[in-house]
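Data from input.pdb: PDB, C-alpha atoms and all ligand atoms
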```pdb
ATOM      1  CA  MET K1276       0.971  25.237  -0.546  1.00  0.00           C
ATOM      2  CA  ILE K1277      -0.382  22.882  -3.196  1.00  0.00           C
ATOM      3  CA  LYS K1278       1.240  24.977  -5.889  1.00  0.00           C
ATOM      4  CA  GLU K1279       4.694  24.826  -4.279  1.00  0.00           C
ATOM      5  CA  ASN K1280       4.278  21.099  -3.655  1.00  0.00           C
ATOM      6  CA  TRP K1281       3.260  20.508  -7.246  1.00  0.00           C
ATOM      7  CA  GLN K1282       6.297  22.376  -8.547  1.00  0.00           C
ATOM      8  CA  LYS K1283       8.598  20.485  -6.213  1.00  0.00           C
ATOM      9  CA  VAL K1284       7.236  17.119  -7.333  1.00  0.00           C
ATOM     10  CA  GLN K1285       7.659  18.148 -10.971  1.00  0.00           C
ATOM     11  CA  ALA K1286      11.262  19.162 -10.295  1.00  0.00           C
ATOM     12  CA  ASN K1287      11.973  15.888  -8.484  1.00  0.00           C
ATOM     13  CA  ILE K1288      10.537  13.951 -11.394  1.00  0.00           C
ATOM     14  CA  ALA K1289      12.784  15.811 -13.820  1.00  0.00           C
ATOM     15  CA  THR K1290      15.846  15.087 -11.662  1.00  0.00           C
ATOM     16  CA  ALA K1291      14.968  11.400 -11.351  1.00  0.00           C
ATOM     17  CA  CYS K1292      14.436  11.167 -15.119  1.00  0.00           C
ATOM     18  CA  GLN K1293      17.956  12.404 -15.715  1.00  0.00           C
ATOM     19  CA  LYS K1294      19.335   9.570 -13.615  1.00  0.00           C
ATOM     20  CA  ARG K1295      17.871   6.806 -15.647  1.00  0.00           C
ATOM     21  CA  ALA K1296      19.047   4.580 -18.437  1.00  0.00           C
ATOM     22  CA  PRO K1297      18.871   6.141 -21.922  1.00  0.00           C
ATOM     23  CA  GLU K1298      16.519   3.460 -23.274  1.00  0.00           C
ATOM     24  CA  MET K1299      13.846   4.394 -20.750  1.00  0.00           C
ATOM     25  CA  ASP K1300      10.984   6.739 -21.650  1.00  0.00           C
ATOM     26  CA  LYS K1301      11.790  10.406 -21.507  1.00  0.00           C
ATOM     27  CA  LYS K1302       8.369  11.287 -20.148  1.00  0.00           C
ATOM     28  CA  VAL K1303       6.611  10.454 -16.907  1.00  0.00           C
ATOM     29  CA  LYS K1304       2.889  10.814 -16.374  1.00  0.00           C
ATOM     30  CA  LEU K1305       2.161  12.295 -12.959  1.00  0.00           C
ATOM     31  CA  ILE K1306      -1.153  11.235 -11.492  1.00  0.00           C
ATOM     32  CA  ALA K1307      -2.425  13.525  -8.760  1.00  0.00           C
ATOM     33  CA  VAL K1308      -3.965  11.124  -6.262  1.00  0.00           C
ATOM     34  CA  THR K1309      -7.013  12.999  -5.060  1.00  0.00           C
ATOM     35  CA  LYS K1310      -8.655  10.428  -2.756  1.00  0.00           C
ATOM     36  CA  ASN K1311      -9.906  11.978   0.458  1.00  0.00           C
ATOM     37  CA  HIS K1312      -9.332  15.440  -0.909  1.00  0.00           C
ATOM     38  CA  THR K1313     -12.039  17.964  -1.659  1.00  0.00           C
ATOM     39  CA  VAL K1314     -13.040  19.323  -5.028  1.00  0.00           C
ATOM     40  CA  ALA K1315     -11.653  22.705  -3.896  1.00  0.00           C
ATOM     41  CA  GLU K1316      -8.235  21.134  -3.315  1.00  0.00           C
ATOM     42  CA  ILE K1317      -8.418  19.304  -6.599  1.00  0.00           C
ATOM     43  CA  THR K1318      -9.284  22.525  -8.410  1.00  0.00           C
ATOM     44  CA  GLU K1319      -6.139  24.063  -6.955  1.00  0.00           C
ATOM     45  CA  VAL K1320      -3.950  21.378  -8.448  1.00  0.00           C
ATOM     46  CA  LEU K1321      -5.771  21.621 -11.782  1.00  0.00           C
ATOM     47  CA  ASP K1322      -4.910  25.304 -11.801  1.00  0.00           C
ATOM     48  CA  CYS K1323      -1.250  24.257 -11.578  1.00  0.00           C
ATOM     49  CA  GLY K1324      -1.682  22.290 -14.781  1.00  0.00           C
ATOM     50  CA  ALA K1325      -2.564  18.811 -13.509  1.00  0.00           C
ATOM     51  CA  MET K1326      -4.630  16.874 -16.042  1.00  0.00           C
ATOM     52  CA  VAL K1327      -4.619  13.350 -14.614  1.00  0.00           C
ATOM     53  CA  VAL K1328      -6.303  12.369 -11.360  1.00  0.00           C
ATOM     54  CA  GLY K1329      -6.295   9.082  -9.465  1.00  0.00           C
ATOM     55  CA  GLU K1330      -9.054   7.889  -7.170  1.00  0.00           C
ATOM     56  CA  ASN K1331      -9.354   4.737  -5.067  1.00  0.00           C
ATOM     57  CA  ARG K1332     -13.062   4.380  -4.579  1.00  0.00           C
ATOM     58  CA  VAL K1333     -15.700   4.398  -7.263  1.00  0.00           C
ATOM     59  CA  GLN K1334     -18.389   6.105  -5.171  1.00  0.00           C
ATOM     60  CA  GLU K1335     -16.103   8.965  -4.149  1.00  0.00           C
ATOM     61  CA  ALA K1336     -14.848   9.358  -7.707  1.00  0.00           C
ATOM     62  CA  MET K1337     -18.386   9.526  -9.093  1.00  0.00           C
ATOM     63  CA  GLU K1338     -19.263  12.446  -6.842  1.00  0.00           C
ATOM     64  CA  LYS K1339     -16.165  14.380  -7.877  1.00  0.00           C
ATOM     65  CA  TYR K1340     -16.531  13.432 -11.515  1.00  0.00           C
ATOM     66  CA  GLU K1341     -19.995  14.950 -11.553  1.00  0.00           C
ATOM     67  CA  LEU K1342     -18.507  18.307 -10.499  1.00  0.00           C
ATOM     68  CA  LEU K1343     -15.363  18.170 -12.630  1.00  0.00           C
ATOM     69  CA  LYS K1344     -16.416  16.353 -15.778  1.00  0.00           C
ATOM     70  CA  ASP K1345     -16.172  19.435 -17.960  1.00  0.00           C
ATOM     71  CA  ARG K1346     -12.486  19.946 -17.163  1.00  0.00           C
ATOM     72  CA  GLY K1347     -11.283  17.367 -19.691  1.00  0.00           C
ATOM     73  CA  LEU K1348      -9.338  15.386 -17.114  1.00  0.00           C
ATOM     74  CA  GLU K1349      -8.018  11.874 -17.405  1.00  0.00           C
ATOM     75  CA  TRP K1350      -9.459   9.715 -14.601  1.00  0.00           C
ATOM     76  CA  HIS K1351      -7.565   6.699 -13.273  1.00  0.00           C
ATOM     77  CA  LEU K1352      -8.904   4.125 -10.869  1.00  0.00           C
ATOM     78  CA  ILE K1353      -5.978   3.034  -8.717  1.00  0.00           C
ATOM     79  CA  GLY K1354      -7.795   1.213  -5.896  1.00  0.00           C
ATOM     80  CA  HIS K1355      -9.233  -2.259  -5.745  1.00  0.00           C
ATOM     81  CA  LEU K1356     -12.395  -2.688  -7.802  1.00  0.00           C
ATOM     82  CA  GLN K1357     -15.281  -4.857  -6.657  1.00  0.00           C
ATOM     83  CA  THR K1358     -17.276  -6.511  -9.416  1.00  0.00           C
ATOM     84  CA  ASN K1359     -20.518  -4.881  -8.238  1.00  0.00           C
ATOM     85  CA  LYS K1360     -18.984  -1.428  -8.887  1.00  0.00           C
ATOM     86  CA  VAL K1361     -17.683  -2.205 -12.355  1.00  0.00           C
ATOM     87  CA  LYS K1362     -20.682  -0.795 -14.190  1.00  0.00           C
ATOM     88  CA  TYR K1363     -20.101   2.609 -12.610  1.00  0.00           C
ATOM     89  CA  ALA K1364     -16.328   2.463 -13.023  1.00  0.00           C
ATOM     90  CA  VAL K1365     -16.438   1.966 -16.801  1.00  0.00           C
ATOM     91  CA  LYS K1366     -18.581   5.079 -17.122  1.00  0.00           C
ATOM     92  CA  ILE K1367     -16.078   7.475 -15.631  1.00  0.00           C
ATOM     93  CA  PHE K1368     -12.559   6.029 -15.687  1.00  0.00           C
ATOM     94  CA  ASP K1369     -10.239   6.408 -18.664  1.00  0.00           C
ATOM     95  CA  MET K1370      -7.906   3.849 -17.131  1.00  0.00           C
ATOM     96  CA  ILE K1371      -8.511   1.077 -14.591  1.00  0.00           C
ATOM     97  CA  GLN K1372      -5.094   0.315 -13.106  1.00  0.00           C
ATOM     98  CA  SER K1373      -6.115  -2.365 -10.639  1.00  0.00           C
ATOM     99  CA  VAL K1374      -7.137  -5.358 -12.756  1.00  0.00           C
ATOM    100  CA  ASP K1375      -5.897  -8.424 -10.909  1.00  0.00           C
ATOM    101  CA  SER K1376      -8.140 -11.378 -11.721  1.00  0.00           C
ATOM    102  CA  GLU K1377      -9.818 -13.112 -14.636  1.00  0.00           C
ATOM    103  CA  LYS K1378     -13.177 -12.569 -12.977  1.00  0.00           C
ATOM    104  CA  LEU K1379     -12.646  -8.812 -12.797  1.00  0.00           C
ATOM    105  CA  ALA K1380     -11.327  -8.628 -16.371  1.00  0.00           C
ATOM    106  CA  LYS K1381     -14.419 -10.429 -17.637  1.00  0.00           C
ATOM    107  CA  ALA K1382     -16.740  -8.203 -15.607  1.00  0.00           C
ATOM    108  CA  ILE K1383     -15.122  -5.025 -16.953  1.00  0.00           C
ATOM    109  CA  ASN K1384     -15.284  -6.353 -20.495  1.00  0.00           C
ATOM    110  CA  LYS K1385     -18.978  -7.111 -20.119  1.00  0.00           C
ATOM    111  CA  GLU K1386     -19.920  -3.701 -18.727  1.00  0.00           C
ATOM    112  CA  ALA K1387     -17.724  -1.858 -21.237  1.00  0.00           C
ATOM    113  CA  GLN K1388     -19.445  -3.774 -24.017  1.00  0.00           C
ATOM    114  CA  LYS K1389     -22.848  -2.583 -22.787  1.00  0.00           C
ATOM    115  CA  ILE K1390     -21.850   1.051 -23.209  1.00  0.00           C
ATOM    116  CA  GLY K1391     -19.855   0.510 -26.401  1.00  0.00           C
ATOM    117  CA  LYS K1392     -16.491   1.337 -24.878  1.00  0.00           C
ATOM    118  CA  VAL K1393     -13.052  -0.202 -25.118  1.00  0.00           C
ATOM    119  CA  GLN K1394     -11.714   0.166 -21.574  1.00  0.00           C
ATOM    120  CA  ASP K1395      -8.009   0.845 -21.094  1.00  0.00           C
ATOM    121  CA  ILE K1396      -6.602  -1.219 -18.244  1.00  0.00           C
ATOM    122  CA  LEU K1397      -3.390  -2.042 -16.416  1.00  0.00           C
ATOM    123  CA  VAL K1398      -2.758  -5.317 -14.643  1.00  0.00           C
ATOM    124  CA  GLN K1399      -1.774  -4.855 -11.011  1.00  0.00           C
ATOM    125  CA  VAL K1400       1.020  -7.191  -9.979  1.00  0.00           C
ATOM    126  CA  ASN K1401       1.597  -8.365  -6.409  1.00  0.00           C
ATOM    127  CA  LEU K1402       5.260  -9.103  -6.913  1.00  0.00           C
ATOM    128  CA  VAL K1403       6.195 -10.201  -3.405  1.00  0.00           C
ATOM    129  CA  LYS K1404       2.870 -11.765  -2.412  1.00  0.00           C
ATOM    130  CA  GLU K1405       1.931  -9.241   0.211  1.00  0.00           C
ATOM    131  CA  GLU K1406      -1.276 -10.584   1.679  1.00  0.00           C
ATOM    132  CA  SER K1407      -2.348  -7.105   2.730  1.00  0.00           C
ATOM    133  CA  LYS K1408      -2.370  -6.003  -0.898  1.00  0.00           C
ATOM    134  CA  THR K1409      -4.356  -6.847  -3.965  1.00  0.00           C
ATOM    135  CA  GLY K1410      -2.706  -7.560  -7.307  1.00  0.00           C
ATOM    136  CA  ILE K1411      -2.101 -10.793  -9.155  1.00  0.00           C
ATOM    137  CA  TYR K1412       0.710 -13.174  -8.167  1.00  0.00           C
ATOM    138  CA  LEU K1413       3.402 -13.783 -10.758  1.00  0.00           C
ATOM    139  CA  GLU K1414       2.444 -17.405 -11.267  1.00  0.00           C
ATOM    140  CA  ASP K1415      -1.099 -16.414 -12.212  1.00  0.00           C
ATOM    141  CA  LEU K1416      -0.047 -13.613 -14.544  1.00  0.00           C
ATOM    142  CA  PRO K1417       0.441 -15.647 -17.772  1.00  0.00           C
ATOM    143  CA  ALA K1418      -3.153 -16.918 -17.745  1.00  0.00           C
ATOM    144  CA  LEU K1419      -4.514 -13.403 -17.216  1.00  0.00           C
ATOM    145  CA  LEU K1420      -2.314 -12.039 -20.019  1.00  0.00           C
ATOM    146  CA  GLU K1421      -3.646 -14.746 -22.278  1.00  0.00           C
ATOM    147  CA  LEU K1422      -7.259 -14.006 -21.402  1.00  0.00           C
ATOM    148  CA  ILE K1423      -7.313 -10.203 -21.682  1.00  0.00           C
ATOM    149  CA  PRO K1424      -6.545  -9.954 -25.425  1.00  0.00           C
ATOM    150  CA  THR K1425      -9.494 -12.261 -26.119  1.00  0.00           C
ATOM    151  CA  LEU K1426     -11.886  -9.799 -24.462  1.00  0.00           C
ATOM    152  CA  PRO K1427     -12.774  -7.297 -27.200  1.00  0.00           C
ATOM    153  CA  ASN K1428     -13.776  -4.432 -24.909  1.00  0.00           C
ATOM    154  CA  LEU K1429     -10.509  -4.368 -22.984  1.00  0.00           C
ATOM    155  CA  LYS K1430      -7.242  -2.850 -24.063  1.00  0.00           C
ATOM    156  CA  LEU K1431      -4.218  -3.799 -22.018  1.00  0.00           C
ATOM    157  CA  CYS K1432      -1.852  -0.841 -21.672  1.00  0.00           C
ATOM    158  CA  GLY K1433       0.706  -2.066 -19.129  1.00  0.00           C
ATOM    159  CA  LEU K1434       1.371  -2.950 -15.515  1.00  0.00           C
ATOM    160  CA  MET K1435       0.825  -1.399 -12.092  1.00  0.00           C
ATOM    161  CA  PHE K1436       2.722  -2.121  -8.893  1.00  0.00           C
ATOM    162  CA  ILE K1437       2.470  -0.944  -5.294  1.00  0.00           C
ATOM    163  CA  ALA K1438       5.789  -1.472  -3.518  1.00  0.00           C
ATOM    164  CA  PRO K1439       5.937  -2.680   0.079  1.00  0.00           C
ATOM    165  CA  ASN K1440       6.177   0.222   2.480  1.00  0.00           C
ATOM    166  CA  LEU K1441       9.755  -0.230   3.671  1.00  0.00           C
ATOM    167  CA  GLU K1442      11.812   2.228   5.648  1.00  0.00           C
ATOM    168  CA  ASP K1443      14.939   1.495   3.613  1.00  0.00           C
ATOM    169  CA  LEU K1444      14.167   2.520   0.055  1.00  0.00           C
ATOM    170  CA  GLU K1445      17.211   0.736  -1.287  1.00  0.00           C
ATOM    171  CA  GLN K1446      15.383  -2.498  -0.459  1.00  0.00           C
ATOM    172  CA  VAL K1447      12.560  -1.406  -2.710  1.00  0.00           C
ATOM    173  CA  ARG K1448      14.799  -0.577  -5.649  1.00  0.00           C
ATOM    174  CA  PRO K1449      15.385  -4.208  -6.734  1.00  0.00           C
ATOM    175  CA  LEU K1450      11.616  -4.724  -6.807  1.00  0.00           C
ATOM    176  CA  PHE K1451      11.190  -1.761  -9.148  1.00  0.00           C
ATOM    177  CA  LYS K1452      13.982  -3.219 -11.301  1.00  0.00           C
ATOM    178  CA  GLN K1453      12.161  -6.543 -11.397  1.00  0.00           C
ATOM    179  CA  MET K1454       8.949  -4.813 -12.442  1.00  0.00           C
ATOM    180  CA  TYR K1455      10.755  -2.986 -15.242  1.00  0.00           C
ATOM    181  CA  GLU K1456      12.106  -6.311 -16.507  1.00  0.00           C
ATOM    182  CA  LEU K1457       8.656  -7.833 -16.355  1.00  0.00           C
ATOM    183  CA  PHE K1458       7.277  -4.823 -18.243  1.00  0.00           C
ATOM    184  CA  GLY K1459       9.847  -5.440 -20.997  1.00  0.00           C
ATOM    185  CA  LYS K1460       8.904  -9.107 -21.170  1.00  0.00           C
ATOM    186  CA  VAL K1461       5.209  -8.349 -21.472  1.00  0.00           C
ATOM    187  CA  LYS K1462       5.965  -5.817 -24.220  1.00  0.00           C
ATOM    188  CA  ASN K1463       7.923  -8.449 -26.099  1.00  0.00           C
ATOM    189  CA  MET K1464       4.997 -10.863 -25.984  1.00  0.00           C
ATOM    190  CA  HIS K1465       3.319  -8.702 -28.647  1.00  0.00           C
ATOM    191  CA  LEU K1466      -0.114  -9.515 -27.294  1.00  0.00           C
ATOM    192  CA  PRO K1467      -2.966  -8.780 -29.688  1.00  0.00           C
ATOM    193  CA  ASN K1468      -5.335  -5.859 -28.944  1.00  0.00           C
ATOM    194  CA  SER K1469      -2.798  -4.457 -26.517  1.00  0.00           C
ATOM    195  CA  GLU K1470      -0.395  -1.563 -26.380  1.00  0.00           C
ATOM    196  CA  ILE K1471       2.000  -2.111 -23.516  1.00  0.00           C
ATOM    197  CA  LYS K1472       3.272   1.372 -22.780  1.00  0.00           C
ATOM    198  CA  TYR K1473       2.688   2.176 -19.107  1.00  0.00           C
ATOM    199  CA  LEU K1474       4.518   1.015 -16.024  1.00  0.00           C
ATOM    200  CA  SER K1475       2.720   2.606 -13.077  1.00  0.00           C
ATOM    201  CA  MET K1476       4.779   2.490  -9.877  1.00  0.00           C
ATOM    202  CA  GLY K1477       5.906   4.967  -7.261  1.00  0.00           C
ATOM    203  CA  MET K1478       4.001   6.977  -4.637  1.00  0.00           C
ATOM    204  CA  THR K1479       5.005   9.829  -2.344  1.00  0.00           C
ATOM    205  CA  HIS K1480       7.772   8.039  -0.462  1.00  0.00           C
ATOM    206  CA  ASP K1481       9.270   6.133  -3.394  1.00  0.00           C
ATOM    207  CA  TYR K1482       8.381   7.804  -6.707  1.00  0.00           C
ATOM    208  CA  GLN K1483      11.869   9.128  -7.375  1.00  0.00           C
ATOM    209  CA  ILE K1484      13.408   5.669  -7.079  1.00  0.00           C
ATOM    210  CA  ALA K1485      10.587   4.154  -9.117  1.00  0.00           C
ATOM    211  CA  ILE K1486      11.334   6.635 -11.901  1.00  0.00           C
ATOM    212  CA  GLU K1487      15.052   5.946 -11.744  1.00  0.00           C
ATOM    213  CA  GLU K1488      14.194   2.288 -12.297  1.00  0.00           C
ATOM    214  CA  GLY K1489      11.848   2.860 -15.208  1.00  0.00           C
ATOM    215  CA  ALA K1490       8.372   3.885 -14.041  1.00  0.00           C
ATOM    216  CA  ASN K1491       6.638   6.123 -16.574  1.00  0.00           C
ATOM    217  CA  VAL K1492       3.498   6.662 -14.495  1.00  0.00           C
ATOM    218  CA  VAL K1493       3.672   7.727 -10.846  1.00  0.00           C
ATOM    219  CA  ARG K1494       0.760   8.132  -8.432  1.00  0.00           C
ATOM    220  CA  VAL K1495       1.409  10.896  -5.939  1.00  0.00           C
ATOM    221  CA  GLY K1496      -0.991  12.159  -3.265  1.00  0.00           C
ATOM    222  CA  THR K1497       0.610  13.252   0.007  1.00  0.00           C
ATOM    223  CA  ALA K1498       3.569  15.077  -1.559  1.00  0.00           C
ATOM    224  CA  ILE K1499       1.106  17.265  -3.466  1.00  0.00           C
ATOM    225  CA  PHE K1500      -1.817  17.728  -1.061  1.00  0.00           C
ATOM    226  CA  GLY K1501      -0.263  17.027   2.333  1.00  0.00           C
ATOM    227  CA  PRO K1502      -1.593  14.313   4.658  1.00  0.00           C
ATOM    228  CA  ARG K1503      -5.072  12.943   4.055  1.00  0.00           C
ATOM    229  CA  LYS K1504      -7.738  13.562   6.701  1.00  0.00           C
ATOM    230  CA  TYR K1505      -9.898  10.528   7.369  1.00  0.00           C
TER     231      TYR K1505
HETATM  232  C1  LIG K1601      -3.212   6.469  -2.035  1.00  0.00           C
HETATM  233  C2  LIG K1601      -2.485   5.823  -3.148  1.00  0.00           C
HETATM  234  C3  LIG K1601      -1.387   6.464  -3.755  1.00  0.00           C
HETATM  235  C4  LIG K1601      -0.831   7.794  -3.304  1.00  0.00           C
HETATM  236  O1  LIG K1601      -0.217   7.645  -2.078  1.00  0.00           O
HETATM  237  P1  LIG K1601       0.679   8.831  -1.432  1.00  0.00           P
HETATM  238  O2  LIG K1601       1.585   8.115  -0.518  1.00  0.00           O
HETATM  239  O3  LIG K1601      -0.246   9.753  -0.764  1.00  0.00           O
HETATM  240  O4  LIG K1601       1.404   9.463  -2.557  1.00  0.00           O
HETATM  241  C5  LIG K1601      -0.803   5.841  -4.839  1.00  0.00           C
HETATM  242  N1  LIG K1601      -1.226   4.647  -5.292  1.00  0.00           N
HETATM  243  C6  LIG K1601      -2.264   4.001  -4.726  1.00  0.00           C
HETATM  244  C7  LIG K1601      -2.691   2.695  -5.272  1.00  0.00           C
HETATM  245  C8  LIG K1601      -2.904   4.560  -3.635  1.00  0.00           C
HETATM  246  O5  LIG K1601      -3.915   3.903  -3.060  1.00  0.00           O
END
```
This entry written out as structure tokens:
Amino acid sequence: MIKENWQKVQANIATACQKRAPEMDKKVKLIAVTKNHTVAEITEVLDCGAMVVGENRVQEAMEKYELLKDRGLEWHLIGHLQTNKVKYAVKIFDMIQSVDSEKLAKAINKEAQKIGKVQDILVQVNLVKEESKTGIYLEDLPALLELIPTLPNLKLCGLMFIAPNLEDLEQVRPLFKQMYELFGKVKNMHLPNSEIKYLSMGMTHDYQIAIEEGANVVRVGTAIFGPRKY
């Protein structure tokens, strides 16, 4: 089942890529969101060729990392990060996608410094101020973008966005468009110590539209593994 799902998602990504503007990236990075799934299930998707995994919780990721660390995978943290977990997160994650405050940026910088690492990060944007979601509000973004390049053990690589879960996907499309514009603006700021190349948006129910509107990283769980068991 996972194999068929994986192939279907890949095909959908290819179709969505063909629908987008020529100036957009040709490639999309597919993150297999493995939260709440077992190492056996993860191994199945790795056998299909997956190389990038996304986890929400540091503790859960650490347990899986221990068993899978020799597979040469890229590990992304996509869930909210508490400052008391930062020292563990910097040890295993290649990318922390959920940076949304100055306090968290400083904490990651400090722990990365201790282990001599430059930590790749994305800034998570809460575009429509959903109180149920984390992510930085637009009005607070400039200050965070000014701070991050001054922290030597952080490298800003782009933006992350979780769209509101709306029935009508055409209502989500303008938000993805707005994020793509914001991504372009941040690129054009030419921030030091940064390489703005990733726009991470799109999950199972909206990744095709996100890609059409310019996402080059999508985070897909359910469409690959089926529903999560809690
Ligand atoms: C769980 C999760 C996903 C994947 O969600 P699906 O709907 O299962 O594809 C993507 N992004 C984030 C931040 C998540 O927490």
**Asked** How would you write as a PyMOL selection string the residues that get within 12 Å of (-7.2, 23.8, -7.7) in the file's frame, counting all atoms listed in the file?
**Response** chain K and resi 1276-1278+1281+1307+1309+1312-1326+1343+1346+1499-1500
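Comparing K:Lys1472, K:His1351, K:Lys1385, K:Lys1301 by their smallest distance to ligand LIG 1601 (chain K), the closest is K:His1351 (using only C-alpha atoms and all ligand atoms).
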**Message:** Neighbouring residues of Lys1389 in chain K were defined as those with any atom within 12 Å, considering all atoms listed in the file; residues of the same chain fewer than 5 positions away were excluded. Please report them as a list in words.
**Reply:**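 Using all atoms listed in the file, the neighbours found are Val1361, Lys1362, Tyr1363, Val1365, Lys1366, Ala1382, Ile1383, Asn1384, Gln1394, Pro1427 and Asn1428 of chain K.
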Per residue of chain K within 9 Å of ligand LIG 1601 (chain K), what are the shortest atom pair and its distance in Å to one decimal, counting all atoms listed in the file, with rows by chain and residue number, as a Markdown table?
```
| residue | atom | partner | partner_atom | distance |
| --- | --- | --- | --- | --- |
| K:Ile1306 | CA | K:LIG1601 | C5 | 8.6 |
| K:Ala1307 | CA | K:LIG1601 | C4 | 8.1 |
| K:Val1308 | CA | K:LIG1601 | C4 | 5.4 |
| K:Thr1309 | CA | K:LIG1601 | C1 | 8.1 |
| K:Lys1310 | CA | K:LIG1601 | C1 | 6.8 |
| K:Gly1329 | CA | K:LIG1601 | C5 | 7.9 |
| K:Glu1330 | CA | K:LIG1601 | O5 | 7.7 |
| K:Asn1331 | CA | K:LIG1601 | O5 | 5.9 |
| K:Leu1352 | CA | K:LIG1601 | C7 | 8.5 |
| K:Ile1353 | CA | K:LIG1601 | C7 | 4.8 |
| K:Gly1354 | CA | K:LIG1601 | C7 | 5.4 |
| K:His1355 | CA | K:LIG1601 | C7 | 8.2 |
| K:Gln1372 | CA | K:LIG1601 | C7 | 8.5 |
| K:Ser1373 | CA | K:LIG1601 | C7 | 8.1 |
| K:Met1435 | CA | K:LIG1601 | C7 | 8.7 |
| K:Phe1436 | CA | K:LIG1601 | C7 | 8.1 |
| K:Ile1437 | CA | K:LIG1601 | C7 | 6.3 |
| K:Ser1475 | CA | K:LIG1601 | N1 | 9.0 |
| K:Met1476 | CA | K:LIG1601 | N1 | 7.9 |
| K:Gly1477 | CA | K:LIG1601 | C5 | 7.2 |
| K:Met1478 | CA | K:LIG1601 | O4 | 4.2 |
| K:Thr1479 | CA | K:LIG1601 | O4 | 3.6 |
| K:His1480 | CA | K:LIG1601 | O2 | 6.2 |
| K:Asp1481 | CA | K:LIG1601 | O2 | 8.4 |
| K:Tyr1482 | CA | K:LIG1601 | O4 | 8.3 |
| K:Val1493 | CA | K:LIG1601 | C5 | 7.7 |
| K:Arg1494 | CA | K:LIG1601 | C5 | 4.5 |
| K:Val1495 | CA | K:LIG1601 | O4 | 3.7 |
| K:Gly1496 | CA | K:LIG1601 | O3 | 3.5 |
| K:Thr1497 | CA | K:LIG1601 | O3 | 3.7 |
| K:Ala1498 | CA | K:LIG1601 | O4 | 6.1 |
| K:Ile1499 | CA | K:LIG1601 | O4 | 7.9 |
| K:Phe1500 | CA | K:LIG1601 | O3 | 8.1 |
| K:Gly1501 | CA | K:LIG1601 | O3 | 7.9 |
| K:Pro1502 | CA | K:LIG1601 | O3 | 7.2 |
| K:Arg1503 | CA | K:LIG1601 | O3 | 7.5 |
```
**Best match for closeness to Gln1483 in chain K among K:Ala1296, K:Ala1291, K:Ala1286, K:Ala1380, counting all atoms listed in the file** =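 Once distances to Gln1483 in chain K are computed over all atoms listed in the file, the minimum belongs to K:Ala1291.
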**Prompt:** Is there a way to get, as an NGL selection string, all residues within 10 Å of the point (15.0, 8.6, -12.1) in file coordinates, counting only C-alpha atoms?
**Reply:** :K and (1287-1296 or 1299 or 1303 or 1482-1491)
**Exercise: Glu1470 in chain K partners within 10 Å, all atoms listed in the file, chain neighbours under 2 positions left out, as an MDAnalysis selection string** = chainID K and resid 1395 1430:1433 1462 1465:1468 1472:1473
**Option closest in space to Leu1422 in chain K, from K:Glu1279, K:Glu1377, K:Glu1442, K:Glu1349 [counting only C-alpha atoms]** =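 Comparing K:Glu1279, K:Glu1377, K:Glu1442, K:Glu1349 against Leu1422 in chain K, the winner is K:Glu1377.
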**Item:** Counting all atoms listed in the file, the option among K:Leu1429, K:Ala1418, K:Asp1375, K:Lys1460 closest to Gln1388 in chain K
**Value:** K:Leu1429
**Selected residue, from K:Asp1369, K:Leu1420, K:Leu1434, K:Lys1378, that lies nearest to Gln1399 in chain K when counting all atoms listed in the file** =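 Distance minimum relative to Gln1399 in chain K lands on K:Leu1434.
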Give me range 1446-1476 of chain K from this structure - C-alpha atoms, as a PDB file, in the first residue's frame.
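Ended up saving to out08.pdb:
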```pdb
ATOM      1  CA  GLN K1446      -9.883  29.647  -0.572  1.00  0.00           C
ATOM      2  CA  VAL K1447      -6.450  28.409   0.382  1.00  0.00           C
ATOM      3  CA  ARG K1448      -4.890  29.169  -2.985  1.00  0.00           C
ATOM      4  CA  PRO K1449      -4.603  32.954  -2.440  1.00  0.00           C
ATOM      5  CA  LEU K1450      -2.771  32.278   0.826  1.00  0.00           C
ATOM      6  CA  PHE K1451      -0.226  30.105  -0.976  1.00  0.00           C
ATOM      7  CA  LYS K1452       0.148  32.895  -3.551  1.00  0.00           C
ATOM      8  CA  GLN K1453       0.770  35.380  -0.757  1.00  0.00           C
ATOM      9  CA  MET K1454       3.408  33.107   0.750  1.00  0.00           C
ATOM     10  CA  TYR K1455       5.158  32.785  -2.608  1.00  0.00           C
ATOM     11  CA  GLU K1456       5.264  36.578  -2.888  1.00  0.00           C
ATOM     12  CA  LEU K1457       6.643  36.853   0.615  1.00  0.00           C
ATOM     13  CA  PHE K1458       9.259  34.217  -0.239  1.00  0.00           C
ATOM     14  CA  GLY K1459      10.349  36.342  -3.218  1.00  0.00           C
ATOM     15  CA  LYS K1460      10.579  39.431  -1.035  1.00  0.00           C
ATOM     16  CA  VAL K1461      12.704  37.683   1.562  1.00  0.00           C
ATOM     17  CA  LYS K1462      14.988  36.383  -1.199  1.00  0.00           C
ATOM     18  CA  ASN K1463      15.406  39.906  -2.505  1.00  0.00           C
ATOM     19  CA  MET K1464      16.472  41.163   0.912  1.00  0.00           C
ATOM     20  CA  HIS K1465      19.820  39.422   0.330  1.00  0.00           C
ATOM     21  CA  LEU K1466      20.219  38.722   4.021  1.00  0.00           C
ATOM     22  CA  PRO K1467      23.753  37.840   5.085  1.00  0.00           C
ATOM     23  CA  ASN K1468      24.550  34.244   6.150  1.00  0.00           C
ATOM     24  CA  SER K1469      21.358  33.077   4.495  1.00  0.00           C
ATOM     25  CA  GLU K1470      20.375  31.151   1.413  1.00  0.00           C
ATOM     26  CA  ILE K1471      16.672  31.591   0.840  1.00  0.00           C
ATOM     27  CA  LYS K1472      15.774  28.613  -1.309  1.00  0.00           C
ATOM     28  CA  TYR K1473      12.945  26.676   0.342  1.00  0.00           C
ATOM     29  CA  LEU K1474       9.261  27.437   0.567  1.00  0.00           C
ATOM     30  CA  SER K1475       7.730  24.612   2.599  1.00  0.00           C
ATOM     31  CA  MET K1476       3.941  24.461   2.262  1.00  0.00           C
TER      32      MET K1476
END
```
